[in-house]
Structure formats: structure tokens, C-alpha cells
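> Quick one: the structure is below, and I'll ask about it shortly.
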Amino acid sequence: MNNAKNMNSIYLGFANDEYYQVINLKDNELLKKLHNSPKDSHWAVVSAIGEGDSRVKSAEFLDKNLNILSTRSVKATLRPTTRDWYKTAMASDEVIRTDVYKFNSTKTYGLTFSKRVRDTGIVLSTDFTLERLSQFLSTQNFDKNSYIMLYDNNGEKIASSRALEINIWNKVFSIFKTLPANKTHTINEKNIDYFVYHTLSNIDENNNMHIGIVIPRDDLLAPYMKMITYSIYAAIAFVLLTIPLVLYSTSLIVKPIRALMAENEKIIERKFGEVIHIKTNITELDELSTSFVNMSQSIQEYQKAQEKLLDSIIQIIADAIDAKSPYTGGHCKRVPEIAEMLTRVASETNDGVFKEFSFNTEDEWREFHLGAWLHDCGKVTTPEYVVDKATKLETINNRIHEIRTRFEVLFRDTQITYLESQLKGENKEEALEKMQNTQKQLMGDFNFIATSNIGGEYMSADKQERIRIIGKKEWIRNFDERLGLSDVELLRYEGIEEKPAPYKEKLLSDKKEHLVKRENFDFESYEADGFKDEVPEHLYNYGELYNLCLEKGTLTHEERFKINEHVIMSIKMLEQLPFPSHLTKIPEYAGTHHETLIGTGYPRRLTKNELSIPARIMAIADIFEALTASDRPYKKAKTLSESLKIMTFMVKDEHIDSDLFDLFLESGIYLDYAKKHLKPEQIDEIDINKYRSS
């Protein structure tokens, strides 16, 4: 006990409530005052002898040398057997430790250890005070403004490193009570921010003891802020001192790198011929620059080879299309020539509507050149017999021969009828006259049908009616009409009742088997692609009356759509190709030469605002070439004046652009082209003022 300053006392308790106690007074002024001990008292030896009310408590006060300083006796009131430390110890063979509690005598906090003496009713106990814990906690303070405390569940401070203001403690305890332990929290008191931390102490088995720490935020962070500030200033000083050296060093590297980046941009923009070698003392960058130059030359050579190959493929396609039909011979070659001549003049014109238009790069010219060459590439899908259809009854062959054969049958029938009448003894002169009149009528009717088959600018309603009347004549078919037909042809007879021979047929007719179904046509995709040309119900209609009664030309509505469809096919074919970014307008240039300025063209019915200047140029080039072409077997070549007059009407009808047509005339492109491609007799005198739109 002499060395255990925290041990208040040690005592023995008996079953008859007698007890013996030694109290440590030497460093505890509170105990000295409580026991009214003499000066220099170090120890108090207390005993309680007797039973019941006769028990007497005697106290002897000893100095440090254990000399008795005084003795006193009083009535004993403490009964050990009623105390928890006694009861708990008697119930166990182990050393018992109480929870921290407030001593009745000193009103200070402490705890008691008890142990029953084996096989007796005697309990040995000792009291330990926690008073000196506050002194220990004060030595653990972070600084003079921080707090470390030990407290119970009720907020009673058991020990504290320093006195804590009640208002701060109230806030701290509310945090301890409501917020989770082992985490840092904050409070503010009188404009001072505090960090607050608490955790459960393992001193008390019933979790009644807690340790709390309260530290002003600025005090905690101050040392680190000093270190950070110092580090920042040091870093700034270092940077300032090294900037000149860094700038000089980096300039030696950055300058050639920037130059290489500029050369790289030339490669990206495909300006391969402008890439130059960058001189530098840095070996790696010098080698990189050399590789740039070599790579540019290699790419340029490869690109030229690819361009040459692409041009050759496109020209082969154009030649194949021109060779496919004598009706369009040379068209694919000559249209690009006219278009590029007019585009060059428009690009060089700096006033009016052409002020903002120009082709400034080789890529733009090449894009337009390829678009012009590909403007009719879709014709590879158009059947030749439709493109070449020179008569109304023509398909793969001219069906006028079939019609003539029927007339021949009727003609022979008149002769047979005449001969039969003679065998019957009828009047020869009347029979002969009847035969001759009928044959004359047949000759006239066939001549009219054959002439109508040629087609023309207009067929009147009277002529159409005459064809229908002639068609009602009948002839006898004696053979099966389905024999010798291909499987494809027989499909058109599905669902049609068979007419066994002999059978009276009309001389001219429109039959169900003349209709060819339109199959597998994706109308939804057609509309989604922006195509607006009306799609006929049937793919073809070979009806004889239907074809012969065409008001104008030789093409039916179905065949006209099939020919117009070449533009749709051109667009679809070209839009599927993965053109690089500098060639993406090729489908536009190739697919708009049949559009008008007022939305009446095909296939998308675009208007002027939707047509670029190159697109409008393509329309003029296509029309002028078609009008002046002298290699079309189906028409006579028109003179310059005839062609320009027709185009003047097209300007008035807003089919072609008036500004471009005027430029076409004023620049003399029409004459330059004519001297190269037209026959001498086509080139007549032209006064452009007659044809100008303004």
C-alpha cells in the first residue's frame, strides 16, 4: 500500500459483521479531513468488534514510522454483510471486481476487488480510487486546449484531463450519447470548431465506462498546416528557380515536335506533296521526320494508284452502259464533259448567285468528276428491251408481227369463205366483191394499227377508239396457247381458266396474262429513302390495247417507271459504298439530274432550295447532251437552236436553273461542245439574246 498510491484501503469482513480495515492517508487530504486524523497521519487502522448494537469501531492513526498518534472509538455502523462486494465474493471462489462506483465516504469514483477466504465467511477486499486518473489523463493531453475524459452512461465525468465548461460538456455528451462511437464528429462553441471522438472503455464489464476526446480543430491541424505551408513555399521557390532552365530545355524539344505536328496535319489533310523534312539535333525526332516524308511519298503513290484504278473502273462501267444500248451511246462520257465545263465557269464567277460558290480543292473537283461519270450507273439494272423500246408493242421482240399474223389469218379466211360460197353455187360477183371489200378493210385496219405502233407526240381519243373497235374482230385459235411457254411465262396464267382450242379470240386484247406482278418490292424502305415517284401496281403490262392506245411515245407507265428507276438504283448503289469523307457528295451529284426546281422531277421531287449548284448543273448537262446527241437511232439529232429553244421552255417551266442556263449561253460552252461533238449541219447560227432568261 505504501507504493500503491491509488489503493485507498484494504480490509477483512466477517460473517458477524465485524471487520478490520487499513486506510492509506498519506497522500489523500480528503481522507484525512474525512477521518479528522492528526497531523502527519499516514495510516488509519480501523476495527469493528462485537455483535449487534454493541459493536464498537476503533481507529488508530499512525505516522509513517507506524507510531500511534491517536486513538478513538465510535459506534460501528458499517455492516460488511450488507455490501455488494461481500455478497458477490461469498457467492464465488474467484476474485470479484465491482463496476466503477462512487464511494459513500469520499464521494469519489473507484472500484473494489474482493475474494472469499476458502471455507470461511471472511472476505478480503481492497478499494482503489480513480482520483489520480485525472492527473494521468492531463499528461496525455494533445495540447493545453484539448480534453480527455472518462465518463459513465449518465454523463457523470469520472476523470478528466482538465476542467471542461459545462456548455461544451453538454454538447459533447449529446454527441457521445446519440452518435456512433469510434468516429470523429465536430461541434462549434463560441466560434471555435472542435473535433470530438469517443469510444467504449474495457475497464467496466457492463459497458458503463467511456473515453472521450475533445480537441480544437485549429490546434490539431496547426502543425500540419505549417508543414504544408512550408512545403508549398519551398515548391514555389523551386519551380521559380527552375522555370528558365525548363523553358530552355523544353524549347529544344518542343520546337521540332511542333514542326512535326504541322507536317502530320498535312498528312491528315492528304497534302502529301507538301510534307518536308524537319532538321533537328534530336536523333529520334530526326528519324521520325524522315519516316514522315517516306510515308507521305508512299501513301501518295498508293493513293494515285487507287484513284487511277477507281477512275478506270468507273469509266469501264460508263462504257458498258453506253455500249449496252445504241440509244444512249456516248451519253455517260459526254455529260461529265459538259458538267465540268459549266462548273468551272460557275466557280470562277464572283458575282450574283455564284459569288459564294467555288471548288477550291482537288478533292472537290474529283468528287464532282466521279459523281458526273456515275450519274447513270443505275442503268446496269434496266432491261435493254425497255430502254430500246422503239415501238408500242415491242418487248424483247416487236409483237406487231404476231398481230400481222392474225390479220393474215383473217385475210385467208375471206378467201376460204369466197371459195366455199362458189362450191355452194352462190353468186360469184357478190361473193368476190364481199371478199375484196373485207380484205381492203383488213389492209386498212392493219395499216392503221402498224402506224399507231410507231408512236408519236400525241394520239387522239378517236384514234384510240378505232383501235378498240378493230380489236373486237375475232379469229379462230386452233392450238393450245400455253404450249411452248417457259415456267416464268406460265406463272402469269395461274388462276386463269384454260380456254381449249378451237377458241374465238379477239384480234387485239388486254388479258390477265399480260400483267406481270410486282413482287418483293419494299415500299416502306422506298419511302424511308425519300423516293416519291409513284410506283405502278404492276411491274409490266403487255396488254395490246393498253400499249397501242398510249397517247404519247412508246413507253407505258410501268416502263417509264422502270427507266426512271435507274436513278433510284444509282442512288442506292452509291449510298451503300463507304466513300471517304472527301467523296461523300458523289450520290448527290449522280442522283439529282432528273429533279426540277419545283418538285416535279424524280425520284425525290426535290425543290430549288434542296438542290446544290453542282446538282442543278448536272440537270443542264444531261438535258443538253440528250437533245444534241446524233447517235440515237430512235430520233433525229436536233440543231443547236432547236435544243436551246427547248431548254428555254424548260427554264420557263422551272425545270432547269435560269442563272446557270444564262451562264451556259454567255460563256459559249454550248458552242465549244458543239464544235467537238456535233455534226456540222447541227451547228446553226445562235443569237443567245433569244434564249436568255433575262
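Naming works like this for the C-alpha cells: A, B, ... for the chains as they're shown, residue 1 at the start of each chain, ligands 1 onward in shown order.
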If you count only C-alpha atoms, which residues fall within 10 Å of A:Leu393, apart from same-chain ones fewer than 2 positions away, as a list in words?
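Result of the neighbour search: Lys389, Ala390, Thr391, Thr395, Ile396, Asn397, Asn398, Arg399, Ile400, His401, Glu402, Ile403, Ala450, Ser452, Asn453, Ile454, Gly455, Tyr542, Gly543, Glu544, Leu545, Tyr546, Asn547, Leu548, Thr554 and Leu555 of chain A.
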> Please identify which residues in stretch 201-433 of chain A DSSP calls alpha helix (DSSP H) from the backbone, and express them as a ChimeraX atom specification.
/A:217-268,283-324,331-348,362-373,384-387,400-423,428-433
> Counting only C-alpha atoms, which residues of stretch 513-577 of chain A sit at most 12 Å from some atom of stretch 588-596 of chain A, and what is each one's closest atom pair with its distance in Å to one decimal, listed by chain and rising residue number, as a Markdown table?

| residue | atom | partner | partner_atom | distance |
| --- | --- | --- | --- | --- |
| A:Phe531 | CA | A:Gly591 | CA | 11.3 |
| A:Lys532 | CA | A:Glu595 | CA | 11.4 |
| A:Asp533 | CA | A:Glu595 | CA | 11.0 |
| A:Ile563 | CA | A:His594 | CA | 11.7 |
| A:Asn564 | CA | A:His594 | CA | 8.7 |
| A:Glu565 | CA | A:Gly591 | CA | 10.8 |
| A:His566 | CA | A:Gly591 | CA | 9.3 |
| A:Val567 | CA | A:Gly591 | CA | 5.7 |
| A:Ile568 | CA | A:Gly591 | CA | 7.4 |
| A:Met569 | CA | A:Gly591 | CA | 9.0 |
| A:Ser570 | CA | A:Gly591 | CA | 6.4 |
| A:Ile571 | CA | A:Gly591 | CA | 5.5 |
| A:Lys572 | CA | A:Gly591 | CA | 9.3 |
| A:Met573 | CA | A:Gly591 | CA | 10.4 |
| A:Leu574 | CA | A:Ala590 | CA | 8.5 |
| A:Glu575 | CA | A:Glu588 | CA | 9.1 |
> Would you output that residue set with C-alpha atoms, as a PDB file, in the first residue's frame?

ATOM      1  CA  PHE A 531     -38.274   8.430-103.035  1.00  0.00           C
ATOM      2  CA  LYS A 532     -41.610   9.907-104.122  1.00  0.00           C
ATOM      3  CA  ASP A 533     -42.092   8.769-107.727  1.00  0.00           C
ATOM      4  CA  ILE A 563     -36.466   3.607-116.823  1.00  0.00           C
ATOM      5  CA  ASN A 564     -36.782   6.303-114.151  1.00  0.00           C
ATOM      6  CA  GLU A 565     -35.832   3.674-111.613  1.00  0.00           C
ATOM      7  CA  HIS A 566     -32.262   3.798-112.899  1.00  0.00           C
ATOM      8  CA  VAL A 567     -31.762   6.984-110.843  1.00  0.00           C
ATOM      9  CA  ILE A 568     -33.100   5.254-107.727  1.00  0.00           C
ATOM     10  CA  MET A 569     -30.742   2.368-108.324  1.00  0.00           C
ATOM     11  CA  SER A 570     -27.837   4.800-108.870  1.00  0.00           C
ATOM     12  CA  ILE A 571     -28.534   6.463-105.528  1.00  0.00           C
ATOM     13  CA  LYS A 572     -28.990   3.189-103.640  1.00  0.00           C
ATOM     14  CA  MET A 573     -25.851   1.670-105.130  1.00  0.00           C
ATOM     15  CA  LEU A 574     -23.714   4.719-104.420  1.00  0.00           C
ATOM     16  CA  GLU A 575     -25.094   5.379-100.923  1.00  0.00           C
TER      17      GLU A 575
END
> Record the distance separating atom CA of A:Phe407 and atom CA of A:Val488, expressed in Å with one decimal.
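That distance, rounded to one decimal, is 28.3 Å.
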> So which residues of stretch 443-634 of chain A fall under strand (DSSP E or B) by DSSP, listed as a ChimeraX atom specification?
/A:474-477,503-506,515-517,538-541,598,607
> Would you mind exporting the chosen residues as a PDB file, in the first residue's frame, restricted to C-alpha atoms?

ATOM      1  CA  GLU A 474     -62.476 -12.264-133.935  1.00  0.00           C
ATOM      2  CA  TRP A 475     -60.271 -15.038-135.264  1.00  0.00           C
ATOM      3  CA  ILE A 476     -60.171 -18.758-134.540  1.00  0.00           C
ATOM      4  CA  ARG A 477     -57.276 -20.135-132.480  1.00  0.00           C
ATOM      5  CA  TYR A 503     -61.441 -20.816-129.487  1.00  0.00           C
ATOM      6  CA  LYS A 504     -62.593 -17.466-130.798  1.00  0.00           C
ATOM      7  CA  GLU A 505     -60.004 -14.859-129.852  1.00  0.00           C
ATOM      8  CA  LYS A 506     -60.235 -11.082-130.148  1.00  0.00           C
ATOM      9  CA  LEU A 515     -49.907  -8.386-116.418  1.00  0.00           C
ATOM     10  CA  VAL A 516     -46.574  -9.050-114.705  1.00  0.00           C
ATOM     11  CA  LYS A 517     -46.797  -8.852-110.905  1.00  0.00           C
ATOM     12  CA  HIS A 538     -47.649  -3.998-111.867  1.00  0.00           C
ATOM     13  CA  LEU A 539     -44.076  -4.489-112.971  1.00  0.00           C
ATOM     14  CA  TYR A 540     -45.137  -4.610-116.640  1.00  0.00           C
ATOM     15  CA  ASN A 541     -48.389  -4.506-118.615  1.00  0.00           C
ATOM     16  CA  ILE A 598     -40.429  22.980-108.368  1.00  0.00           C
ATOM     17  CA  THR A 607     -37.059  21.760-104.973  1.00  0.00           C
TER      18      THR A 607
END
> Got a sec: who's within 8 Å of A:Thr648, counting only C-alpha atoms, leaving out chain neighbours fewer than 2 positions off, as a ChimeraX atom specification?
/A:644-646,650-652,691-693
> For a test of reading the model, state the distance in Å between atom CA of A:Glu457 and atom CA of A:Leu550, rounded to one decimal.
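Going from atom CA of A:Glu457 over to atom CA of A:Leu550, I get 10.1 Å.
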> Pick out the closest residue to A:Glu340 from this set: A:Glu364, A:Asp413, A:Glu356, A:Glu685. Count only C-alpha atoms.
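Of A:Glu364, A:Asp413, A:Glu356, A:Glu685, the one nearest A:Glu340 is A:Glu364, counting only C-alpha atoms.
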> So that I can see what lies close to A:Val275, please list as a ChimeraX atom specification the residues with an atom at most 12 Å from it, counting only C-alpha atoms and leaving out residues fewer than 6 positions away in the same chain.
/A:259-269,289-300
> Quick one: write out the picked residues with N, CA and C atoms as a PDB file, in the first residue's frame?

ATOM      1  N   ALA A 259       6.869  21.361 -85.157  1.00  0.00           N
ATOM      2  CA  ALA A 259       7.068  21.303 -86.602  1.00  0.00           C
ATOM      3  C   ALA A 259       6.597  19.957 -87.149  1.00  0.00           C
ATOM      4  N   LEU A 260       6.881  18.877 -86.407  1.00  0.00           N
ATOM      5  CA  LEU A 260       6.421  17.552 -86.830  1.00  0.00           C
ATOM      6  C   LEU A 260       4.902  17.449 -86.794  1.00  0.00           C
ATOM      7  N   MET A 261       4.297  18.097 -85.790  1.00  0.00           N
ATOM      8  CA  MET A 261       2.831  18.106 -85.717  1.00  0.00           C
ATOM      9  C   MET A 261       2.233  18.804 -86.932  1.00  0.00           C
ATOM     10  N   ALA A 262       2.883  19.892 -87.371  1.00  0.00           N
ATOM     11  CA  ALA A 262       2.405  20.603 -88.565  1.00  0.00           C
ATOM     12  C   ALA A 262       2.502  19.709 -89.795  1.00  0.00           C
ATOM     13  N   GLU A 263       3.596  18.929 -89.886  1.00  0.00           N
ATOM     14  CA  GLU A 263       3.739  18.008 -91.009  1.00  0.00           C
ATOM     15  C   GLU A 263       2.711  16.884 -90.930  1.00  0.00           C
ATOM     16  N   ASN A 264       2.423  16.461 -89.699  1.00  0.00           N
ATOM     17  CA  ASN A 264       1.409  15.423 -89.505  1.00  0.00           C
ATOM     18  C   ASN A 264       0.031  15.904 -89.960  1.00  0.00           C
ATOM     19  N   GLU A 265      -0.262  17.195 -89.700  1.00  0.00           N
ATOM     20  CA  GLU A 265      -1.537  17.760 -90.157  1.00  0.00           C
ATOM     21  C   GLU A 265      -1.633  17.710 -91.678  1.00  0.00           C
ATOM     22  N   LYS A 266      -0.515  17.941 -92.350  1.00  0.00           N
ATOM     23  CA  LYS A 266      -0.516  17.857 -93.814  1.00  0.00           C
ATOM     24  C   LYS A 266      -0.871  16.443 -94.268  1.00  0.00           C
ATOM     25  N   ILE A 267      -0.349  15.457 -93.542  1.00  0.00           N
ATOM     26  CA  ILE A 267      -0.664  14.067 -93.890  1.00  0.00           C
ATOM     27  C   ILE A 267      -2.144  13.793 -93.668  1.00  0.00           C
ATOM     28  N   ILE A 268      -2.678  14.288 -92.510  1.00  0.00           N
ATOM     29  CA  ILE A 268      -4.104  14.098 -92.216  1.00  0.00           C
ATOM     30  C   ILE A 268      -4.966  14.722 -93.310  1.00  0.00           C
ATOM     31  N   GLU A 269      -4.539  15.903 -93.798  1.00  0.00           N
ATOM     32  CA  GLU A 269      -5.290  16.609 -94.847  1.00  0.00           C
ATOM     33  C   GLU A 269      -4.933  16.093 -96.236  1.00  0.00           C
ATOM     34  N   SER A 289      10.963  12.377 -88.493  1.00  0.00           N
ATOM     35  CA  SER A 289      10.682  13.279 -89.609  1.00  0.00           C
ATOM     36  C   SER A 289      10.967  12.600 -90.941  1.00  0.00           C
ATOM     37  N   THR A 290      12.077  11.852 -91.005  1.00  0.00           N
ATOM     38  CA  THR A 290      12.403  11.121 -92.234  1.00  0.00           C
ATOM     39  C   THR A 290      11.320  10.099 -92.564  1.00  0.00           C
ATOM     40  N   SER A 291      10.825   9.417 -91.530  1.00  0.00           N
ATOM     41  CA  SER A 291       9.756   8.429 -91.758  1.00  0.00           C
ATOM     42  C   SER A 291       8.477   9.106 -92.226  1.00  0.00           C
ATOM     43  N   PHE A 292       8.202  10.330 -91.737  1.00  0.00           N
ATOM     44  CA  PHE A 292       7.032  11.090 -92.191  1.00  0.00           C
ATOM     45  C   PHE A 292       7.117  11.333 -93.694  1.00  0.00           C
ATOM     46  N   VAL A 293       8.287  11.792 -94.146  1.00  0.00           N
ATOM     47  CA  VAL A 293       8.465  12.094 -95.567  1.00  0.00           C
ATOM     48  C   VAL A 293       8.315  10.823 -96.405  1.00  0.00           C
ATOM     49  N   ASN A 294       8.978   9.757 -95.972  1.00  0.00           N
ATOM     50  CA  ASN A 294       8.898   8.494 -96.723  1.00  0.00           C
ATOM     51  C   ASN A 294       7.471   7.954 -96.752  1.00  0.00           C
ATOM     52  N   MET A 295       6.800   8.042 -95.576  1.00  0.00           N
ATOM     53  CA  MET A 295       5.424   7.554 -95.502  1.00  0.00           C
ATOM     54  C   MET A 295       4.514   8.369 -96.421  1.00  0.00           C
ATOM     55  N   SER A 296       4.698   9.700 -96.450  1.00  0.00           N
ATOM     56  CA  SER A 296       3.867  10.566 -97.292  1.00  0.00           C
ATOM     57  C   SER A 296       4.031  10.210 -98.756  1.00  0.00           C
ATOM     58  N   GLN A 297       5.281  10.002 -99.169  1.00  0.00           N
ATOM     59  CA  GLN A 297       5.527   9.640-100.563  1.00  0.00           C
ATOM     60  C   GLN A 297       4.884   8.297-100.905  1.00  0.00           C
ATOM     61  N   SER A 298       4.982   7.353 -99.973  1.00  0.00           N
ATOM     62  CA  SER A 298       4.401   6.030-100.204  1.00  0.00           C
ATOM     63  C   SER A 298       2.877   6.107-100.290  1.00  0.00           C
ATOM     64  N   ILE A 299       2.289   6.858 -99.351  1.00  0.00           N
ATOM     65  CA  ILE A 299       0.824   6.995 -99.363  1.00  0.00           C
ATOM     66  C   ILE A 299       0.366   7.704-100.625  1.00  0.00           C
ATOM     67  N   GLN A 300       1.104   8.739-101.033  1.00  0.00           N
ATOM     68  CA  GLN A 300       0.728   9.497-102.228  1.00  0.00           C
ATOM     69  C   GLN A 300       0.753   8.600-103.462  1.00  0.00           C
TER      70      GLN A 300
END
> Write out as a tab-separated table (two decimals) with N, CA and C atoms, in the first residue's frame which residues come within 8 Å of A:Ile213 when counting only C-alpha atoms, dropping same-chain ones fewer than 5 positions away.

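The file below, selection22.tsv, is the result:
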chain	number	residue	atom	x	y	z
A	146	SER	N	-6.85	20.89	-25.25
A	146	SER	CA	-7.59	19.66	-25.52
A	146	SER	C	-8.09	19.03	-24.23
A	147	TYR	N	-9.03	18.07	-24.35
A	147	TYR	CA	-9.65	17.41	-23.21
A	147	TYR	C	-9.67	15.91	-23.45
A	148	ILE	N	-9.34	15.16	-22.36
A	148	ILE	CA	-9.53	13.70	-22.38
A	148	ILE	C	-10.32	13.36	-21.12
A	149	MET	N	-11.38	12.59	-21.24
A	149	MET	CA	-12.25	12.37	-20.08
A	149	MET	C	-12.73	10.93	-20.05
A	196	VAL	N	-14.47	15.87	-32.01
A	196	VAL	CA	-14.93	15.09	-30.86
A	196	VAL	C	-14.88	13.61	-31.23
A	197	TYR	N	-14.30	12.82	-30.30
A	197	TYR	CA	-14.18	11.38	-30.55
A	197	TYR	C	-14.47	10.64	-29.25
A	198	HIS	N	-15.19	9.51	-29.33
A	198	HIS	CA	-15.44	8.74	-28.11
A	198	HIS	C	-15.43	7.25	-28.43
> Under the rule that only C-alpha atoms are counted, which of A:Leu370, A:Ile282, A:Val46, A:Val239 is the nearest residue to A:Lys308?
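Under the stated criterion, the closest residue is A:Leu370.
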